[in-house]
$ cat entry-v9.tsv   # TSV, C-alpha atoms
chain	number	residue	atom	x	y	z
A	402	MET	CA	10.05	15.59	16.84
A	403	ALA	CA	8.95	14.23	13.46
A	404	ASN	CA	5.96	12.49	15.01
A	405	ILE	CA	4.99	15.73	16.75
A	406	LEU	CA	4.86	17.50	13.38
A	407	THR	CA	2.77	14.66	11.96
A	408	ALA	CA	0.44	14.84	14.97
A	409	ILE	CA	-0.06	18.57	14.37
A	410	ARG	CA	-1.21	17.82	10.82
A	411	LEU	CA	-3.55	15.16	12.15
A	412	LEU	CA	-5.08	17.62	14.62
A	413	LEU	CA	-5.63	20.11	11.80
A	414	ALA	CA	-7.70	17.60	9.77
A	415	LEU	CA	-11.06	18.13	11.49
A	416	PRO	CA	-11.05	21.96	11.63
A	417	PHE	CA	-9.81	22.03	8.04
A	418	ALA	CA	-12.71	19.82	6.94
A	419	VAL	CA	-15.21	22.09	8.72
A	420	LEU	CA	-13.75	25.22	7.14
A	421	MET	CA	-13.72	23.63	3.67
A	422	ALA	CA	-17.43	22.83	4.05
A	423	SER	CA	-18.29	26.49	4.70
A	424	ASP	CA	-19.22	28.95	1.94
A	425	ALA	CA	-17.89	31.99	3.84
A	426	ARG	CA	-14.84	33.74	2.44
A	427	SER	CA	-13.43	34.13	5.95
A	428	ALA	CA	-13.62	30.35	6.33
A	429	ALA	CA	-11.70	29.97	3.07
A	430	ALA	CA	-8.96	32.29	4.35
A	431	ALA	CA	-8.70	30.33	7.62
A	432	ALA	CA	-8.66	27.06	5.67
A	433	GLY	CA	-5.80	28.49	3.61
A	434	LEU	CA	-3.73	29.07	6.76
A	435	LEU	CA	-4.35	25.51	7.95
A	436	PHE	CA	-3.55	24.21	4.47
A	437	VAL	CA	-0.15	25.96	4.45
A	438	ALA	CA	0.57	24.71	7.99
A	439	ALA	CA	-0.30	21.14	7.00
A	440	ILE	CA	1.97	21.23	3.95
A	441	ALA	CA	4.79	22.66	6.06
A	442	THR	CA	4.50	19.85	8.61
A	443	ASP	CA	4.33	17.29	5.78
A	444	LEU	CA	7.57	18.60	4.30
A	445	LEU	CA	9.37	18.94	7.61
A	446	ASP	CA	8.48	15.70	9.38
A	447	GLY	CA	10.27	13.53	6.85
A	448	MET	CA	13.31	15.81	6.78
A	449	VAL	CA	13.54	15.81	10.57
A	450	ALA	CA	13.18	12.02	10.78
A	451	ARG	CA	15.95	11.47	8.23
A	452	ARG	CA	18.24	14.05	9.79
A	453	TRP	CA	17.93	12.66	13.31
A	454	GLY	CA	17.86	9.04	12.18
A	455	THR	CA	14.43	8.42	13.68
A	456	ALA	CA	12.68	7.26	10.50
A	457	THR	CA	10.72	4.05	11.15
A	458	ALA	CA	8.03	2.03	9.41
A	459	ALA	CA	5.54	3.03	12.11
A	460	GLY	CA	6.42	6.69	11.63
A	461	GLY	CA	5.91	6.35	7.89
A	462	ALA	CA	2.49	4.76	8.43
A	463	PHE	CA	1.55	7.57	10.83
A	464	ASP	CA	2.61	10.14	8.23
A	465	HIS	CA	0.52	8.49	5.49
A	466	ALA	CA	-2.50	8.20	7.80
A	467	ALA	CA	-2.27	11.89	8.74
A	468	ASP	CA	-2.04	12.87	5.06
A	469	PHE	CA	-5.02	10.69	4.22
A	470	LEU	CA	-7.25	12.06	6.98
A	471	PHE	CA	-6.33	15.66	6.19
A	472	VAL	CA	-6.92	15.27	2.45
A	473	VAL	CA	-10.11	13.21	2.72
A	474	GLY	CA	-11.50	15.58	5.35
A	475	GLY	CA	-10.93	18.54	3.06
A	476	LEU	CA	-12.30	16.77	-0.02
A	477	THR	CA	-15.38	15.71	1.93
A	478	GLY	CA	-15.96	19.29	3.01
A	479	VAL	CA	-15.70	20.55	-0.57
A	480	ALA	CA	-17.99	17.76	-1.80
A	481	HIS	CA	-20.50	18.78	0.89
A	482	ARG	CA	-20.56	22.25	-0.71
A	483	GLY	CA	-21.12	20.66	-4.13
A	484	ALA	CA	-17.84	21.94	-5.59
A	485	PHE	CA	-16.30	18.46	-5.98
A	486	PRO	CA	-18.03	15.19	-6.93
A	487	TRP	CA	-18.54	12.76	-4.05
A	488	ILE	CA	-16.78	10.05	-6.03
A	489	PHE	CA	-13.47	11.84	-5.46
A	490	PRO	CA	-13.21	11.48	-1.65
A	491	ALA	CA	-14.83	8.03	-1.92
A	492	LEU	CA	-12.12	6.82	-4.33
A	493	VAL	CA	-9.32	8.34	-2.26
A	494	THR	CA	-10.66	6.47	0.78
A	495	ALA	CA	-10.95	3.21	-1.16
A	496	ALA	CA	-7.43	3.63	-2.56
A	497	PHE	CA	-5.94	4.19	0.90
A	498	LEU	CA	-7.70	1.15	2.36
A	499	GLN	CA	-6.49	-0.95	-0.57
A	500	TYR	CA	-2.98	0.42	0.03
A	501	VAL	CA	-3.04	-0.74	3.66
A	502	VAL	CA	-4.54	-4.18	2.95
A	503	ASP	CA	-2.19	-4.79	0.03
A	504	SER	CA	0.89	-3.85	2.05
A	505	TYR	CA	0.22	-5.57	5.37
A	506	TRP	CA	-1.98	-8.55	4.52
A	507	ILE	CA	-1.42	-9.53	0.90
A	508	HIS	CA	2.30	-8.82	0.57
A	509	ARG	CA	2.86	-9.28	4.33
A	510	ARG	CA	5.17	-6.30	4.63
A	511	ARG	CA	6.06	-4.53	7.85
A	512	ALA	CA	5.87	-1.17	6.08
A	513	LEU	CA	3.47	0.34	3.59
A	514	ARG	CA	4.25	-0.60	-0.02
A	515	PRO	CA	3.75	2.48	-2.22
A	516	SER	CA	3.41	2.42	-5.99
A	517	ARG	CA	4.79	5.09	-8.28
A	518	LEU	CA	1.38	6.29	-9.49
A	519	GLY	CA	-0.05	6.10	-5.98
A	520	ARG	CA	2.81	8.24	-4.65
A	521	TYR	CA	2.18	10.90	-7.31
A	522	ASN	CA	-1.54	10.82	-6.58
A	523	GLY	CA	-0.88	11.29	-2.86
A	524	ILE	CA	1.08	14.45	-3.58
A	525	LEU	CA	-1.36	15.82	-6.15
A	526	TYR	CA	-4.42	15.32	-3.93
A	527	PHE	CA	-3.42	18.53	-2.17
A	528	ALA	CA	-3.62	20.53	-5.43
A	529	PRO	CA	-7.43	20.70	-5.85
A	530	LEU	CA	-7.79	21.63	-2.18
A	531	GLY	CA	-5.46	24.57	-2.62
A	532	GLY	CA	-7.19	25.45	-5.89
A	533	ASP	CA	-10.61	25.45	-4.24
A	534	ILE	CA	-9.34	27.81	-1.54
A	535	LEU	CA	-7.99	30.20	-4.17
A	536	VAL	CA	-11.31	30.14	-6.04
A	537	ARG	CA	-13.23	30.92	-2.86
A	538	VAL	CA	-11.04	33.90	-1.99
A	539	GLY	CA	-11.73	35.48	-5.38
A	540	LEU	CA	-9.68	33.77	-8.11
A	541	ASN	CA	-12.75	32.43	-9.94
A	542	PHE	CA	-10.90	32.00	-13.24
A	543	LEU	CA	-9.13	28.98	-11.72
A	544	ARG	CA	-12.38	27.01	-11.30
A	545	PRO	CA	-12.25	25.21	-14.70
A	546	LEU	CA	-8.63	24.23	-14.10
A	547	VAL	CA	-9.43	22.92	-10.61
A	548	THR	CA	-12.36	20.90	-12.00
A	549	ALA	CA	-10.14	19.40	-14.70
A	550	VAL	CA	-7.50	18.45	-12.10
A	551	VAL	CA	-10.18	16.78	-9.96
A	552	TRP	CA	-11.39	14.55	-12.79
A	553	LEU	CA	-7.84	13.73	-13.85
A	554	LEU	CA	-7.12	12.60	-10.30
A	555	VAL	CA	-10.32	10.55	-10.27
A	556	ALA	CA	-9.09	8.76	-13.40
A	557	SER	CA	-5.53	8.30	-12.10
A	558	THR	CA	-6.86	6.94	-8.79
A	559	VAL	CA	-8.90	4.32	-10.64
A	560	LEU	CA	-5.84	3.37	-12.68
A	561	SER	CA	-3.68	3.16	-9.57
A	562	MET	CA	-6.22	0.91	-7.82
A	563	ALA	CA	-6.49	-1.33	-10.88
A	564	ALA	CA	-2.71	-1.67	-11.14
A	565	ARG	CA	-2.40	-2.49	-7.45
A	566	LEU	CA	-5.24	-5.00	-7.68
A	567	ARG	CA	-3.51	-6.78	-10.55
A	568	ALA	CA	-0.23	-6.86	-8.64
A	569	SER	CA	-2.03	-8.17	-5.55
A	570	TRP	CA	-3.70	-10.90	-7.58
A	571	SER	CA	-0.34	-11.97	-9.00
A	572	ALA	CA	1.13	-12.05	-5.50
A	573	ARG	CA	-1.73	-14.24	-4.26
A	574	GLU	CA	-1.22	-16.64	-7.16
A	575	GLN	CA	2.48	-16.91	-6.35
A	576	LEU	CA	1.70	-17.60	-2.70
A	577	ALA	CA	-0.81	-20.25	-3.75
A	578	ARG	CA	1.78	-21.96	-5.96
A	579	ARG	CA	4.38	-22.28	-3.23
A	580	PRO	CA	2.68	-25.03	-1.20
A	581	SER	CA	1.99	-27.09	-4.33
A	582	GLU	CA	5.58	-26.69	-5.47
A	583	GLU	CA	6.80	-27.76	-2.03
A	584	ASP	CA	4.50	-30.80	-2.15
A	585	GLN	CA	5.87	-31.72	-5.57
A	586	THR	CA	9.41	-31.37	-4.26
A	587	ASP	CA	8.61	-33.56	-1.27
A	588	GLY	CA	7.02	-36.11	-3.60
A	589	ARG	CA	10.12	-36.24	-5.76
A	590	VAL	CA	12.31	-36.68	-2.69
A	591	GLU	CA	10.14	-39.56	-1.48
A	592	GLU	CA	10.28	-41.20	-4.91
A	593	ASP	CA	14.08	-40.88	-4.95
A	594	GLU	CA	14.27	-42.42	-1.48
A	595	GLU	CA	12.06	-45.32	-2.59
A	596	VAL	CA	14.30	-45.93	-5.61
A	597	VAL	CA	17.39	-45.96	-3.41
A	598	LEU	CA	15.72	-48.36	-0.98
A	599	ASP	CA	14.68	-50.69	-3.81
A	600	GLU	CA	18.21	-50.77	-5.18
A	601	SER	CA	19.69	-51.44	-1.74
A	602	GLU	CA	17.17	-54.22	-1.13
A	603	ARG	CA	18.01	-55.82	-4.47
A	604	ARG	CA	21.70	-55.72	-3.66
A	605	HIS	CA	21.06	-57.18	-0.25
A	606	LEU	CA	18.95	-60.00	-1.69
A	607	GLY	CA	21.51	-60.65	-4.37
A	608	GLY	CA	24.25	-60.85	-1.76
A	609	SER	CA	22.20	-63.17	0.43
A	610	SER	CA	21.43	-65.59	-2.40
A	611	GLY	CA	25.07	-65.69	-3.35
A	612	LYS	CA	26.03	-66.60	0.20
A	613	GLU	CA	23.41	-69.37	0.30
A	614	GLN	CA	24.78	-70.90	-2.87
A	615	ASP	CA	28.39	-70.96	-1.72
A	616	PRO	CA	27.97	-73.87	0.74
A	617	GLN	CA	26.29	-75.94	-1.93
A	618	HIS	CA	29.25	-75.43	-4.21
A	619	ASP	CA	31.56	-76.47	-1.41
A	620	ARG	CA	29.61	-79.71	-0.87
A	621	HIS	CA	30.04	-80.64	-4.52

$ encode --input "entry-v9.tsv" --output "C-alpha coordinates"
Amino acid sequence: MANILTAIRLLLALPFAVLMASDARSAAAAAGLLFVAAIATDLLDGMVARRWGTATAAGGAFDHAADFLFVVGGLTGVAHRGAFPWIFPALVTAAFLQYVVDSYWIHRRRALRPSRLGRYNGILYFAPLGGDILVRVGLNFLRPLVTAVVWLLVASTVLSMAARLRASWSAREQLARRPSEEDQTDGRVEEDEEVVLDESERRHLGGSSGKEQDPQHDRH
(Lines of atoms letter the chains of each structure in order from A and count residues from 1; the text may use other names and numbers.)
(Lines give C-alpha, C1' and ligand atoms only; values in the text may rest on other atoms or scores of the structure.)
Protein backbone atom coordinates (compact mmCIF):
# COMPACT_ATOMS: atom_id res chain seq x y z
CA MET A 1 0.00 0.00 0.00
CA ALA A 2 2.82 2.41 0.85
CA ASN A 3 4.51 1.79 -2.49
CA ILE A 4 1.20 2.45 -4.27
CA LEU A 5 1.01 5.88 -2.63
CA THR A 6 4.60 6.58 -3.64
CA ALA A 7 3.85 5.45 -7.20
CA ILE A 8 0.92 7.88 -7.35
CA ARG A 9 3.27 10.74 -6.47
CA LEU A 10 5.70 9.55 -9.13
CA LEU A 11 2.94 9.54 -11.75
CA LEU A 12 1.99 13.09 -10.77
CA ALA A 13 5.54 14.39 -11.45
CA LEU A 14 5.25 14.88 -15.22
CA PRO A 15 1.81 16.57 -15.33
CA PHE A 16 2.84 18.74 -12.39
CA ALA A 17 5.97 19.87 -14.26
CA VAL A 18 3.90 20.74 -17.35
CA LEU A 19 1.39 22.73 -15.32
CA MET A 20 4.15 24.59 -13.46
CA ALA A 21 5.65 25.62 -16.82
CA SER A 22 2.39 27.24 -17.93
CA ASP A 23 1.54 30.90 -17.31
CA ALA A 24 -2.23 30.29 -17.20
CA ARG A 25 -4.01 30.78 -13.89
CA SER A 26 -6.09 27.67 -14.53
CA ALA A 27 -2.85 25.69 -14.85
CA ALA A 28 -1.72 27.09 -11.50
CA ALA A 29 -4.98 25.96 -9.87
CA ALA A 30 -4.60 22.45 -11.33
CA ALA A 31 -0.95 22.37 -10.23
CA GLY A 32 -2.13 23.29 -6.74
CA LEU A 33 -4.41 20.24 -6.63
CA LEU A 34 -1.58 17.95 -7.74
CA PHE A 35 0.73 19.61 -5.22
CA VAL A 36 -1.67 18.89 -2.34
CA ALA A 37 -2.14 15.30 -3.55
CA ALA A 38 1.63 14.77 -3.73
CA ILE A 39 2.17 16.08 -0.20
CA ALA A 40 -0.65 13.86 1.07
CA THR A 41 0.91 10.75 -0.47
CA ASP A 42 4.32 11.77 0.90
CA LEU A 43 2.92 12.02 4.42
CA LEU A 44 0.86 8.86 4.21
CA ASP A 45 3.25 6.40 2.57
CA GLY A 46 5.71 6.48 5.45
CA MET A 47 2.95 6.22 8.04
CA VAL A 48 1.40 3.24 6.25
CA ALA A 49 4.75 1.48 5.88
CA ARG A 50 5.54 1.87 9.58
CA ARG A 51 2.07 0.86 10.69
CA TRP A 52 1.98 -2.31 8.60
CA GLY A 53 5.64 -3.12 9.18
CA THR A 54 6.47 -2.98 5.47
CA ALA A 55 9.19 -0.32 5.66
CA THR A 56 12.27 -1.42 3.69
CA ALA A 57 15.43 0.17 2.34
CA ALA A 58 14.11 -0.27 -1.21
CA GLY A 59 10.84 1.42 -0.26
CA GLY A 60 12.75 4.32 1.27
CA ALA A 61 14.81 4.73 -1.91
CA PHE A 62 11.62 4.66 -4.00
CA ASP A 63 10.11 7.35 -1.77
CA HIS A 64 13.18 9.59 -2.09
CA ALA A 65 13.29 9.10 -5.87
CA ALA A 66 9.61 10.02 -6.21
CA ASP A 67 10.13 13.15 -4.11
CA PHE A 68 13.15 14.12 -6.18
CA LEU A 69 11.42 13.70 -9.54
CA PHE A 70 8.31 15.57 -8.39
CA VAL A 71 10.28 18.47 -6.93
CA VAL A 72 12.81 18.77 -9.77
CA GLY A 73 10.03 18.53 -12.35
CA GLY A 74 8.18 21.38 -10.70
CA LEU A 75 11.30 23.51 -10.24
CA THR A 76 12.26 22.95 -13.87
CA GLY A 77 8.81 24.07 -14.98
CA VAL A 78 9.05 27.25 -12.90
CA ALA A 79 12.58 27.92 -14.16
CA HIS A 80 11.26 27.51 -17.72
CA ARG A 81 8.84 30.38 -16.99
CA GLY A 82 11.73 32.46 -15.65
CA ALA A 83 10.35 32.67 -12.10
CA PHE A 84 13.18 30.63 -10.55
CA PRO A 85 16.88 30.60 -11.49
CA TRP A 86 18.03 27.52 -13.40
CA ILE A 87 20.75 26.94 -10.84
CA PHE A 88 18.10 25.84 -8.33
CA PRO A 89 16.85 22.67 -10.10
CA ALA A 90 20.41 21.99 -11.29
CA LEU A 91 21.74 22.01 -7.72
CA VAL A 92 18.87 19.88 -6.42
CA THR A 93 19.66 17.32 -9.13
CA ALA A 94 23.38 17.38 -8.33
CA ALA A 95 22.67 17.03 -4.60
CA PHE A 96 20.43 14.00 -5.15
CA LEU A 97 22.99 12.27 -7.38
CA GLN A 98 25.69 12.95 -4.78
CA TYR A 99 23.35 11.54 -2.13
CA VAL A 100 22.96 8.27 -4.06
CA VAL A 101 26.65 7.88 -4.93
CA ASP A 102 27.75 8.73 -1.39
CA SER A 103 25.33 6.24 0.17
CA TYR A 104 25.71 3.22 -2.12
CA TRP A 105 29.24 3.48 -3.51
CA ILE A 106 31.39 5.50 -1.14
CA HIS A 107 29.95 4.37 2.20
CA ARG A 108 28.73 1.06 0.72
CA ARG A 109 25.39 1.18 2.49
CA ARG A 110 22.33 -0.83 1.55
CA ALA A 111 20.12 2.17 2.27
CA LEU A 112 20.38 5.86 1.51
CA ARG A 113 22.43 7.79 4.07
CA PRO A 114 20.70 11.12 4.76
CA SER A 115 22.33 14.10 6.45
CA ARG A 116 20.52 16.45 8.78
CA LEU A 117 20.81 19.49 6.50
CA GLY A 118 19.96 17.40 3.44
CA ARG A 119 16.82 16.10 5.16
CA TYR A 120 15.68 19.64 5.99
CA ASN A 121 16.40 20.75 2.44
CA GLY A 122 14.36 17.86 1.05
CA ILE A 123 11.35 18.99 3.06
CA LEU A 124 11.77 22.69 2.31
CA TYR A 125 12.12 22.18 -1.46
CA PHE A 126 8.33 21.90 -1.57
CA ALA A 127 7.91 25.39 -0.06
CA PRO A 128 8.89 27.53 -3.09
CA LEU A 129 6.72 25.36 -5.33
CA GLY A 130 3.70 26.01 -3.14
CA GLY A 131 4.65 29.68 -2.91
CA ASP A 132 4.88 30.00 -6.69
CA ILE A 133 1.41 28.48 -7.06
CA LEU A 134 -0.02 30.98 -4.56
CA VAL A 135 1.62 33.88 -6.40
CA ARG A 136 0.17 32.72 -9.71
CA VAL A 137 -3.37 32.46 -8.34
CA GLY A 138 -3.24 36.08 -7.17
CA LEU A 139 -1.18 36.40 -3.98
CA ASN A 140 1.51 38.56 -5.63
CA PHE A 141 2.71 40.00 -2.32
CA LEU A 142 4.33 36.64 -1.56
CA ARG A 143 6.73 36.87 -4.53
CA PRO A 144 9.64 38.54 -2.62
CA LEU A 145 9.34 35.96 0.16
CA VAL A 146 9.32 33.08 -2.33
CA THR A 147 12.40 34.52 -4.07
CA ALA A 148 14.22 34.84 -0.75
CA VAL A 149 13.37 31.22 0.15
CA VAL A 150 14.68 30.05 -3.23
CA TRP A 151 18.07 31.70 -2.76
CA LEU A 152 18.31 30.49 0.83
CA LEU A 153 17.72 26.95 -0.40
CA VAL A 154 20.34 27.43 -3.11
CA ALA A 155 22.84 28.39 -0.41
CA SER A 156 21.83 25.56 1.95
CA THR A 157 22.06 23.04 -0.89
CA VAL A 158 25.62 24.13 -1.64
CA LEU A 159 26.48 23.83 2.05
CA SER A 160 24.89 20.40 2.27
CA MET A 161 26.84 19.18 -0.78
CA ALA A 162 30.09 20.56 0.61
CA ALA A 163 29.53 18.87 3.97
CA ARG A 164 28.72 15.55 2.32
CA LEU A 165 31.75 15.85 0.05
CA ARG A 166 34.02 16.39 3.04
CA ALA A 167 32.49 13.41 4.84
CA SER A 168 32.89 11.29 1.71
CA TRP A 169 36.53 12.30 1.37
CA SER A 170 37.18 11.33 5.00
CA ALA A 171 35.50 7.98 4.42
CA ARG A 172 37.66 7.33 1.36
CA GLU A 173 40.80 8.15 3.34
CA GLN A 174 39.78 5.72 6.07
CA LEU A 175 39.15 3.00 3.51
CA ALA A 176 42.54 3.70 1.95
CA ARG A 177 44.26 3.38 5.33
CA ARG A 178 42.80 -0.02 6.12
CA PRO A 179 44.87 -2.07 3.64
CA SER A 180 48.09 -0.36 4.72
CA GLU A 181 47.27 -0.95 8.38
CA GLU A 182 46.55 -4.61 7.62
CA ASP A 183 49.86 -4.89 5.76
CA GLN A 184 51.69 -3.36 8.73
CA THR A 185 49.96 -5.81 11.06
CA ASP A 186 50.91 -8.73 8.83
CA GLY A 187 54.48 -7.44 8.73
CA ARG A 188 54.66 -7.29 12.51
CA VAL A 189 53.29 -10.82 12.77
CA GLU A 190 55.90 -12.08 10.32
CA GLU A 191 58.67 -10.33 12.26
CA ASP A 192 57.44 -11.88 15.51
CA GLU A 193 57.38 -15.31 13.88
CA GLU A 194 60.94 -14.83 12.61
CA VAL A 195 62.10 -13.86 16.10
CA VAL A 196 60.47 -16.95 17.58
CA LEU A 197 62.05 -19.14 14.92
CA ASP A 198 65.49 -17.62 15.55
CA GLU A 199 65.21 -18.24 19.27
CA SER A 200 64.06 -21.83 18.74
CA GLU A 201 66.92 -22.45 16.30
CA ARG A 202 69.44 -21.06 18.79
CA ARG A 203 68.09 -23.31 21.51
CA HIS A 204 68.20 -26.27 19.19
CA LEU A 205 71.79 -25.55 18.19
CA GLY A 206 72.77 -24.99 21.78
CA GLY A 207 71.22 -28.32 22.75
CA SER A 208 72.92 -30.12 19.88
CA SER A 209 76.38 -28.77 20.74
CA GLY A 210 75.91 -29.77 24.34
CA LYS A 211 75.07 -33.31 23.31
CA GLU A 212 78.14 -33.49 21.06
CA GLN A 213 80.40 -32.44 23.91
CA ASP A 214 79.07 -34.99 26.38
CA PRO A 215 80.78 -38.02 24.76
CA GLN A 216 84.09 -36.21 24.76
CA HIS A 217 83.78 -35.59 28.46
CA ASP A 218 83.01 -39.25 28.98
CA ARG A 219 86.16 -40.29 27.07
CA HIS A 220 88.31 -38.17 29.37

$ closest_residue --input "entry-v9.tsv" --among "A:Val538, A:Ala564, A:Trp453, A:Ser557" --to "Ala432 (chain A)" --atoms "only C-alpha atoms"
A:Val538

$ residues_around --input "entry-v9.tsv" --residues "Tyr521 (chain A)" --least-positions-apart "3" --cutoff "10 Å" --atoms "only C-alpha atoms" --output "PyMOL selection string"
chain A and resi 515-518+524-526+554+557-558+561

$ closest_residue --input "entry-v9.tsv" --among "A:Gly460, A:Gly519, A:Gly475, A:Gly454" --to "Val559 (chain A)" --atoms "only C-alpha atoms"
A:Gly519

$ residues_around --input "entry-v9.tsv" --residues "Met562 (chain A)" --least-positions-apart "6" --cutoff "10 Å" --atoms "all atoms listed in the file" --output "VMD selection string"
chain A and resid 492 to 493 495 to 497 499 to 500 516 518 to 519 568

$ residues_near_point --input "entry-v9.tsv" --point "(-7.7, 18.7, 13.6)" --cutoff "12 Å" --atoms "all atoms listed in the file" --output "list of chain:residue names"
A:Thr407, A:Ala408, A:Ile409, A:Arg410, A:Leu411, A:Leu412, A:Leu413, A:Ala414, A:Leu415, A:Pro416, A:Phe417, A:Ala418, A:Val419, A:Leu420, A:Ala432, A:Leu435, A:Phe436, A:Ala438, A:Ala439, A:Ala467, A:Asp468, A:Leu470, A:Phe471, A:Val472, A:Gly474, A:Gly475
